[in-house]
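Beneath this line is the structure, given in structure tokens, with notes to follow.
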Amino acid sequence: MTRRVPILRQNGILIASIQEELSDGDILALQSRILSDVVSINAKAVVIDVSALDVLDSFGTRTLTEIASSVELRGARTIIVGIQPEVAMAMVLLGLDFRNIATAFDLDHAFDLLRAA
Amino acid sequence: MPQVISSSVTAEPSVDEAALYFDISQADKELVSHLESTSDEMGDILIESFYAHIMGHEEAAQHFRDESHLERVKRGQKRYFADLITAPLDDAYIEDRRRIGQIHERARVSPTLYIGAYSYYLTRLGDHVRQTMKDDPEQAFAIAFALMKLAHFDMALALETFVSAREDTIQAREREISELPTPVLKLQDGLLLIPVVGTLDSFRARALTLQLLEGIREHRARAVVLDITGVAAVDSAVANHLIQSMAAARLMGAQSVLTGLSAEVAQSLVKVGVTGEALNTAGDLQSGIVLATKLMHG
């Protein structure tokens, strides 16, 4: 079963909230939908909420990094929101660190960051 | 009863070492066994008179204020002295002596009391030997010396155990101290301060990471100041752990600032390949808080 992650739009900002574990295929589908949306509405930022996830594997991390890099090529920003403590620790131990991507605690924090920029 | 694990730092005497260091031979054992009947009949008397002797002291009276406890100790002591004379010198004997040493440590029997009781017993017993064997002073001397060797070996066993049990106690205390929780303090909305004091070993560093991340979640923190002024030294494993903690904090959206690095800590961080660019650092807590506040507001 494929899961379709809803992508909300607000003032030129795309908000994708991942509510459950996604298969690799689901993540790839999300990637292409986000990128086509970024192009179609000329979004200035993408916020991806992963607070419901208990695990972020290397494939998920790499795809999120790819999304961020592509979005950046369109001149927009990406913020990953809501990485849980356990997930953060596991990622660091695996050497996954979202090096060049902004992270935020919650949506409020993400919007603050976007306003400040 | 919790088993006290004897530490391997001190050499543990074995039967072989008894023969080596204390020059105890089978002949000594046989000489001493002549005292069996004497020790049987004198054991109770000597022990009674010893306690009558020391109970005059306040400290001893305090230690033995419980009557049943005193009786138990006396019984144990009688068996202890009887074993000295009759028990074969083997691993079971050494094991038993060591166990008694542990009991002494737990019961806070001081070496003074232990050796004092021993000395009291030996001199009285020696006196008895001297008086009863007036016709054969050679033999009396030989027996007394053999007894002394065994007694010294006995004391060595008990004291080695005593010391190693103490060391275990000290180590346990140190472990308790190292497991002291590190407080997570809220300086203002979204800004946390974690002062780390003491020794950072891998165990504590891991606990620190969890506290840091839980603290961020609980307080919805956007910046954290990690002050390690109170940390004397970190090894490279712990330095790595600190870096990982800060990376994990960043993944959660919180910026972290490391302050109060001592010269040694700075050096060990450089050794694991950390540079100031990858890490927000500040010299002292004050500038660290200023930096964190700036980072917090983008």
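Quick note on naming: the chains in the structure tokens go A, B, ... in the order shown, residues restart at 1 in each chain, and ligands are numbered from 1 in order of appearance.
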Considering only C-alpha atoms, give me a table of residues in chain A that are at most 12 Å from chain B, with the closest atom pair and distance in Å for each, as JSON lines.
{"residue": "A:Asp49", "atom": "CA", "partner": "B:Met252", "partner_atom": "CA", "distance": 11.4}
{"residue": "A:Val50", "atom": "CA", "partner": "B:Met252", "partner_atom": "CA", "distance": 10.5}
{"residue": "A:Ser51", "atom": "CA", "partner": "B:Met252", "partner_atom": "CA", "distance": 9.7}
{"residue": "A:Leu56", "atom": "CA", "partner": "B:Leu251", "partner_atom": "CA", "distance": 11.7}
{"residue": "A:Thr61", "atom": "CA", "partner": "B:Leu251", "partner_atom": "CA", "distance": 11.5}
{"residue": "A:Ile79", "atom": "CA", "partner": "B:Gly253", "partner_atom": "CA", "distance": 9.4}
{"residue": "A:Ile80", "atom": "CA", "partner": "B:Gly253", "partner_atom": "CA", "distance": 8.3}
{"residue": "A:Val81", "atom": "CA", "partner": "B:Gly253", "partner_atom": "CA", "distance": 7.2}
{"residue": "A:Gly82", "atom": "CA", "partner": "B:Met252", "partner_atom": "CA", "distance": 6.2}
{"residue": "A:Ile83", "atom": "CA", "partner": "B:Met252", "partner_atom": "CA", "distance": 5.0}
{"residue": "A:Gln84", "atom": "CA", "partner": "B:Met252", "partner_atom": "CA", "distance": 6.5}
{"residue": "A:Pro85", "atom": "CA", "partner": "B:Leu213", "partner_atom": "CA", "distance": 5.3}
{"residue": "A:Glu86", "atom": "CA", "partner": "B:Leu213", "partner_atom": "CA", "distance": 8.3}
{"residue": "A:Val87", "atom": "CA", "partner": "B:Ala248", "partner_atom": "CA", "distance": 8.6}
{"residue": "A:Ala88", "atom": "CA", "partner": "B:Ala248", "partner_atom": "CA", "distance": 4.8}
{"residue": "A:Met89", "atom": "CA", "partner": "B:Ala248", "partner_atom": "CA", "distance": 5.6}
{"residue": "A:Ala90", "atom": "CA", "partner": "B:Ala248", "partner_atom": "CA", "distance": 8.6}
{"residue": "A:Met91", "atom": "CA", "partner": "B:Ala248", "partner_atom": "CA", "distance": 7.7}
{"residue": "A:Val92", "atom": "CA", "partner": "B:Ala248", "partner_atom": "CA", "distance": 6.0}
{"residue": "A:Leu93", "atom": "CA", "partner": "B:Gln244", "partner_atom": "CA", "distance": 7.5}
{"residue": "A:Leu94", "atom": "CA", "partner": "B:Gln244", "partner_atom": "CA", "distance": 10.5}
{"residue": "A:Gly95", "atom": "CA", "partner": "B:Gln244", "partner_atom": "CA", "distance": 9.1}
{"residue": "A:Leu96", "atom": "CA", "partner": "B:Ala247", "partner_atom": "CA", "distance": 9.5}
{"residue": "A:Asp97", "atom": "CA", "partner": "B:Ala247", "partner_atom": "CA", "distance": 6.8}
{"residue": "A:Phe98", "atom": "CA", "partner": "B:Leu251", "partner_atom": "CA", "distance": 7.3}
{"residue": "A:Arg99", "atom": "CA", "partner": "B:Ala247", "partner_atom": "CA", "distance": 9.0}
{"residue": "A:Asn100", "atom": "CA", "partner": "B:Leu251", "partner_atom": "CA", "distance": 10.9}
{"residue": "A:Ile101", "atom": "CA", "partner": "B:Leu251", "partner_atom": "CA", "distance": 9.2}
{"residue": "A:Ala102", "atom": "CA", "partner": "B:Gly253", "partner_atom": "CA", "distance": 7.6}
{"residue": "A:Thr103", "atom": "CA", "partner": "B:Gly253", "partner_atom": "CA", "distance": 4.5}
{"residue": "A:Ala104", "atom": "CA", "partner": "B:Gly253", "partner_atom": "CA", "distance": 3.7}
{"residue": "A:Phe105", "atom": "CA", "partner": "B:Gly253", "partner_atom": "CA", "distance": 4.6}
{"residue": "A:Asp106", "atom": "CA", "partner": "B:Gly253", "partner_atom": "CA", "distance": 8.1}
{"residue": "A:Leu107", "atom": "CA", "partner": "B:Gly253", "partner_atom": "CA", "distance": 10.7}
{"residue": "A:Asp108", "atom": "CA", "partner": "B:Arg220", "partner_atom": "CA", "distance": 10.5}
{"residue": "A:His109", "atom": "CA", "partner": "B:Arg222", "partner_atom": "CA", "distance": 7.9}
{"residue": "A:Ala110", "atom": "CA", "partner": "B:Gly253", "partner_atom": "CA", "distance": 8.8}
{"residue": "A:Phe111", "atom": "CA", "partner": "B:Gly298", "partner_atom": "CA", "distance": 11.2}
{"residue": "A:Asp112", "atom": "CA", "partner": "B:His297", "partner_atom": "CA", "distance": 8.1}
{"residue": "A:Leu113", "atom": "CA", "partner": "B:Gly298", "partner_atom": "CA", "distance": 6.2}
{"residue": "A:Leu114", "atom": "CA", "partner": "B:Gly298", "partner_atom": "CA", "distance": 9.1}
{"residue": "A:Arg115", "atom": "CA", "partner": "B:Gly298", "partner_atom": "CA", "distance": 9.2}
{"residue": "A:Ala116", "atom": "CA", "partner": "B:Gly298", "partner_atom": "CA", "distance": 5.9}
{"residue": "A:Ala117", "atom": "CA", "partner": "B:Gly298", "partner_atom": "CA", "distance": 7.3}
Subject >> Contacts of B:Thr86 at 12 Å (only C-alpha atoms; same-chain gap of 2+ positions) as a list in words >> reply: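 Residues meeting the cut-off are Asp28, Lys29, Glu30, Leu31, Val32, Ser33, His34, Leu35, Glu36, Ser37, Thr38, Ser39, Asp40, Arg79, Tyr80, Phe81, Ala82, Asp83, Leu84, Pro88, Leu89, Asp90, Tyr93, Leu147 and Leu150 of chain B.
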Subject >> DSSP alpha helix (DSSP H) residues within chain A, as number ranges by chain >> reply: A: 24-41, 58-73, 85-93, 107-116
Take the residues from that selection and write them out as a compact mmCIF listing (two decimals), in the first residue's frame, keeping N, CA and C atoms.
# COMPACT_ATOMS: atom_id res chain seq x y z
N ASP A 24 10.59 2.83 0.95
CA ASP A 24 11.51 3.56 0.09
C ASP A 24 10.76 4.17 -1.09
N GLY A 25 9.80 3.41 -1.62
CA GLY A 25 9.01 3.91 -2.75
C GLY A 25 8.21 5.15 -2.37
N ASP A 26 7.61 5.11 -1.18
CA ASP A 26 6.83 6.26 -0.70
C ASP A 26 7.70 7.51 -0.60
N ILE A 27 8.92 7.30 -0.11
CA ILE A 27 9.81 8.46 0.07
C ILE A 27 10.19 9.04 -1.29
N LEU A 28 10.46 8.15 -2.24
CA LEU A 28 10.80 8.64 -3.58
C LEU A 28 9.63 9.40 -4.20
N ALA A 29 8.41 8.87 -3.96
CA ALA A 29 7.23 9.56 -4.48
C ALA A 29 7.10 10.94 -3.84
N LEU A 30 7.35 11.00 -2.54
CA LEU A 30 7.29 12.28 -1.83
C LEU A 30 8.29 13.26 -2.42
N GLN A 31 9.50 12.73 -2.70
CA GLN A 31 10.56 13.58 -3.26
C GLN A 31 10.10 14.23 -4.56
N SER A 32 9.54 13.41 -5.46
CA SER A 32 9.20 14.01 -6.76
C SER A 32 8.01 14.97 -6.63
N ARG A 33 7.08 14.65 -5.69
CA ARG A 33 5.94 15.57 -5.53
C ARG A 33 6.39 16.90 -4.95
N ILE A 34 7.28 16.84 -3.97
CA ILE A 34 7.75 18.10 -3.38
C ILE A 34 8.45 18.93 -4.45
N LEU A 35 9.33 18.29 -5.21
CA LEU A 35 10.09 19.07 -6.18
C LEU A 35 9.18 19.68 -7.24
N SER A 36 8.16 18.91 -7.71
CA SER A 36 7.30 19.50 -8.74
C SER A 36 6.47 20.64 -8.14
N ASP A 37 6.07 20.49 -6.84
CA ASP A 37 5.33 21.57 -6.18
C ASP A 37 6.18 22.82 -6.01
N VAL A 38 7.45 22.61 -5.64
CA VAL A 38 8.35 23.74 -5.46
C VAL A 38 8.41 24.53 -6.76
N VAL A 39 8.51 23.79 -7.89
CA VAL A 39 8.60 24.46 -9.18
C VAL A 39 7.27 25.13 -9.51
N SER A 40 6.15 24.40 -9.30
CA SER A 40 4.87 24.93 -9.78
C SER A 40 4.42 26.17 -9.01
N ILE A 41 4.65 26.22 -7.68
CA ILE A 41 4.21 27.44 -6.97
C ILE A 41 5.38 28.36 -6.65
N SER A 58 19.29 5.12 6.60
CA SER A 58 20.23 5.85 5.75
C SER A 58 19.56 6.23 4.43
N PHE A 59 18.64 5.37 3.94
CA PHE A 59 17.98 5.73 2.69
C PHE A 59 17.11 6.97 2.88
N GLY A 60 16.33 6.96 3.96
CA GLY A 60 15.48 8.11 4.24
C GLY A 60 16.29 9.38 4.38
N THR A 61 17.39 9.26 5.13
CA THR A 61 18.25 10.43 5.36
C THR A 61 18.82 10.94 4.04
N ARG A 62 19.25 9.99 3.20
CA ARG A 62 19.88 10.41 1.95
C ARG A 62 18.85 11.09 1.05
N THR A 63 17.64 10.53 1.03
CA THR A 63 16.62 11.12 0.18
C THR A 63 16.24 12.52 0.66
N LEU A 64 16.12 12.65 2.00
CA LEU A 64 15.80 13.98 2.54
C LEU A 64 16.92 14.97 2.19
N THR A 65 18.17 14.50 2.25
CA THR A 65 19.29 15.36 1.89
C THR A 65 19.21 15.75 0.41
N GLU A 66 18.82 14.78 -0.42
CA GLU A 66 18.68 15.07 -1.86
C GLU A 66 17.59 16.09 -2.11
N ILE A 67 16.47 15.91 -1.39
CA ILE A 67 15.37 16.88 -1.54
C ILE A 67 15.89 18.28 -1.21
N ALA A 68 16.59 18.37 -0.05
CA ALA A 68 17.08 19.67 0.39
C ALA A 68 18.02 20.29 -0.64
N SER A 69 18.91 19.46 -1.21
CA SER A 69 19.87 19.99 -2.16
C SER A 69 19.16 20.47 -3.43
N SER A 70 18.17 19.69 -3.90
CA SER A 70 17.45 20.10 -5.11
C SER A 70 16.66 21.37 -4.86
N VAL A 71 16.01 21.43 -3.68
CA VAL A 71 15.23 22.62 -3.34
C VAL A 71 16.13 23.84 -3.32
N GLU A 72 17.33 23.63 -2.79
CA GLU A 72 18.27 24.75 -2.69
C GLU A 72 18.65 25.25 -4.09
N LEU A 73 18.75 24.30 -5.03
CA LEU A 73 19.08 24.69 -6.40
C LEU A 73 18.00 25.59 -6.99
N PRO A 85 14.71 12.53 20.07
CA PRO A 85 16.02 12.26 20.68
C PRO A 85 16.62 10.92 20.26
N GLU A 86 15.80 9.87 20.31
CA GLU A 86 16.32 8.54 19.97
C GLU A 86 16.78 8.50 18.52
N VAL A 87 15.97 9.13 17.65
CA VAL A 87 16.31 9.15 16.23
C VAL A 87 17.62 9.91 16.02
N ALA A 88 17.72 11.06 16.71
CA ALA A 88 18.92 11.89 16.56
C ALA A 88 20.15 11.10 16.97
N MET A 89 20.04 10.41 18.11
CA MET A 89 21.20 9.66 18.61
C MET A 89 21.57 8.54 17.64
N ALA A 90 20.55 7.83 17.15
CA ALA A 90 20.82 6.73 16.23
C ALA A 90 21.47 7.25 14.96
N MET A 91 20.97 8.38 14.46
CA MET A 91 21.54 8.94 13.23
C MET A 91 23.00 9.32 13.42
N VAL A 92 23.28 9.96 14.58
CA VAL A 92 24.66 10.38 14.83
C VAL A 92 25.58 9.16 14.90
N LEU A 93 25.09 8.10 15.56
CA LEU A 93 25.92 6.90 15.66
C LEU A 93 26.16 6.28 14.30
N LEU A 107 7.25 23.25 14.32
CA LEU A 107 6.87 24.15 13.22
C LEU A 107 7.09 25.61 13.60
N ASP A 108 6.73 25.97 14.84
CA ASP A 108 6.96 27.34 15.31
C ASP A 108 8.40 27.75 15.08
N HIS A 109 9.28 26.86 15.55
CA HIS A 109 10.71 27.13 15.44
C HIS A 109 11.09 27.29 13.97
N ALA A 110 10.54 26.41 13.11
CA ALA A 110 10.87 26.46 11.69
C ALA A 110 10.45 27.80 11.09
N PHE A 111 9.23 28.26 11.45
CA PHE A 111 8.77 29.54 10.88
C PHE A 111 9.60 30.70 11.42
N ASP A 112 10.01 30.61 12.68
CA ASP A 112 10.89 31.64 13.23
C ASP A 112 12.18 31.71 12.41
N LEU A 113 12.71 30.52 12.11
CA LEU A 113 13.96 30.49 11.34
C LEU A 113 13.75 31.11 9.96
N LEU A 114 12.61 30.79 9.34
CA LEU A 114 12.34 31.32 8.00
C LEU A 114 12.17 32.84 8.03
N ARG A 115 11.49 33.32 9.10
CA ARG A 115 11.29 34.77 9.24
C ARG A 115 12.63 35.48 9.42
N ALA A 116 13.49 34.85 10.24
CA ALA A 116 14.77 35.49 10.56
C ALA A 116 15.66 35.58 9.32
Subject >> Nearby residues (only C-alpha atoms) at most 8 Å from B:Leu193, same-chain spacing under 2 positions excluded, as a PyMOL selection string >> reply: chain B and resi 184-187+191+195+224-227
Keeping only N, CA and C atoms, take the residues you just selected and write them out as a CSV table (one decimal), in the first residue's frame.
chain,number,residue,atom,x,y,z
B,184,VAL,N,20.0,19.8,34.2
B,184,VAL,CA,19.7,20.5,33.0
B,184,VAL,C,19.0,21.8,33.4
B,185,LEU,N,19.6,22.9,33.3
B,185,LEU,CA,19.0,24.2,33.8
B,185,LEU,C,18.5,25.0,32.7
B,186,LYS,N,17.3,25.6,33.0
B,186,LYS,CA,16.7,26.5,32.0
B,186,LYS,C,17.1,27.9,32.3
B,187,LEU,N,17.8,28.6,31.4
B,187,LEU,CA,18.3,29.9,31.6
B,187,LEU,C,17.2,30.9,31.3
B,191,LEU,N,16.4,28.3,26.1
B,191,LEU,CA,17.9,28.2,26.3
B,191,LEU,C,18.2,27.4,27.6
B,195,PRO,N,25.8,22.3,33.2
B,195,PRO,CA,27.1,22.4,33.7
B,195,PRO,C,27.6,21.0,34.0
B,224,VAL,N,21.5,25.3,23.6
B,224,VAL,CA,22.0,24.7,24.8
B,224,VAL,C,23.5,25.1,25.0
B,225,VAL,N,23.8,25.5,26.2
B,225,VAL,CA,25.2,25.8,26.5
B,225,VAL,C,25.7,24.7,27.4
B,226,LEU,N,26.7,24.0,26.9
B,226,LEU,CA,27.3,22.9,27.6
B,226,LEU,C,28.6,23.4,28.2
B,227,ASP,N,28.6,23.6,29.5
B,227,ASP,CA,29.8,24.1,30.2
B,227,ASP,C,30.6,23.0,30.8
Go through stretch 45-116 of chain A and flag each residue having an atom no more than 7 Å from stretch 4-18 of chain A; for those, report the closest pair of atoms plus their distance in Å to one decimal, using only C-alpha atoms, ordered by chain and rising number, as a tab-separated table.
residue	atom	partner	partner_atom	distance
A:Ala45	CA	A:Ile13	CA	4.9
A:Val46	CA	A:Leu14	CA	4.7
A:Val47	CA	A:Ile15	CA	4.8
A:Ile48	CA	A:Ala16	CA	4.8
A:Asp49	CA	A:Ser17	CA	4.6
A:Val50	CA	A:Ile18	CA	5.4
A:Ala52	CA	A:Ile18	CA	6.8
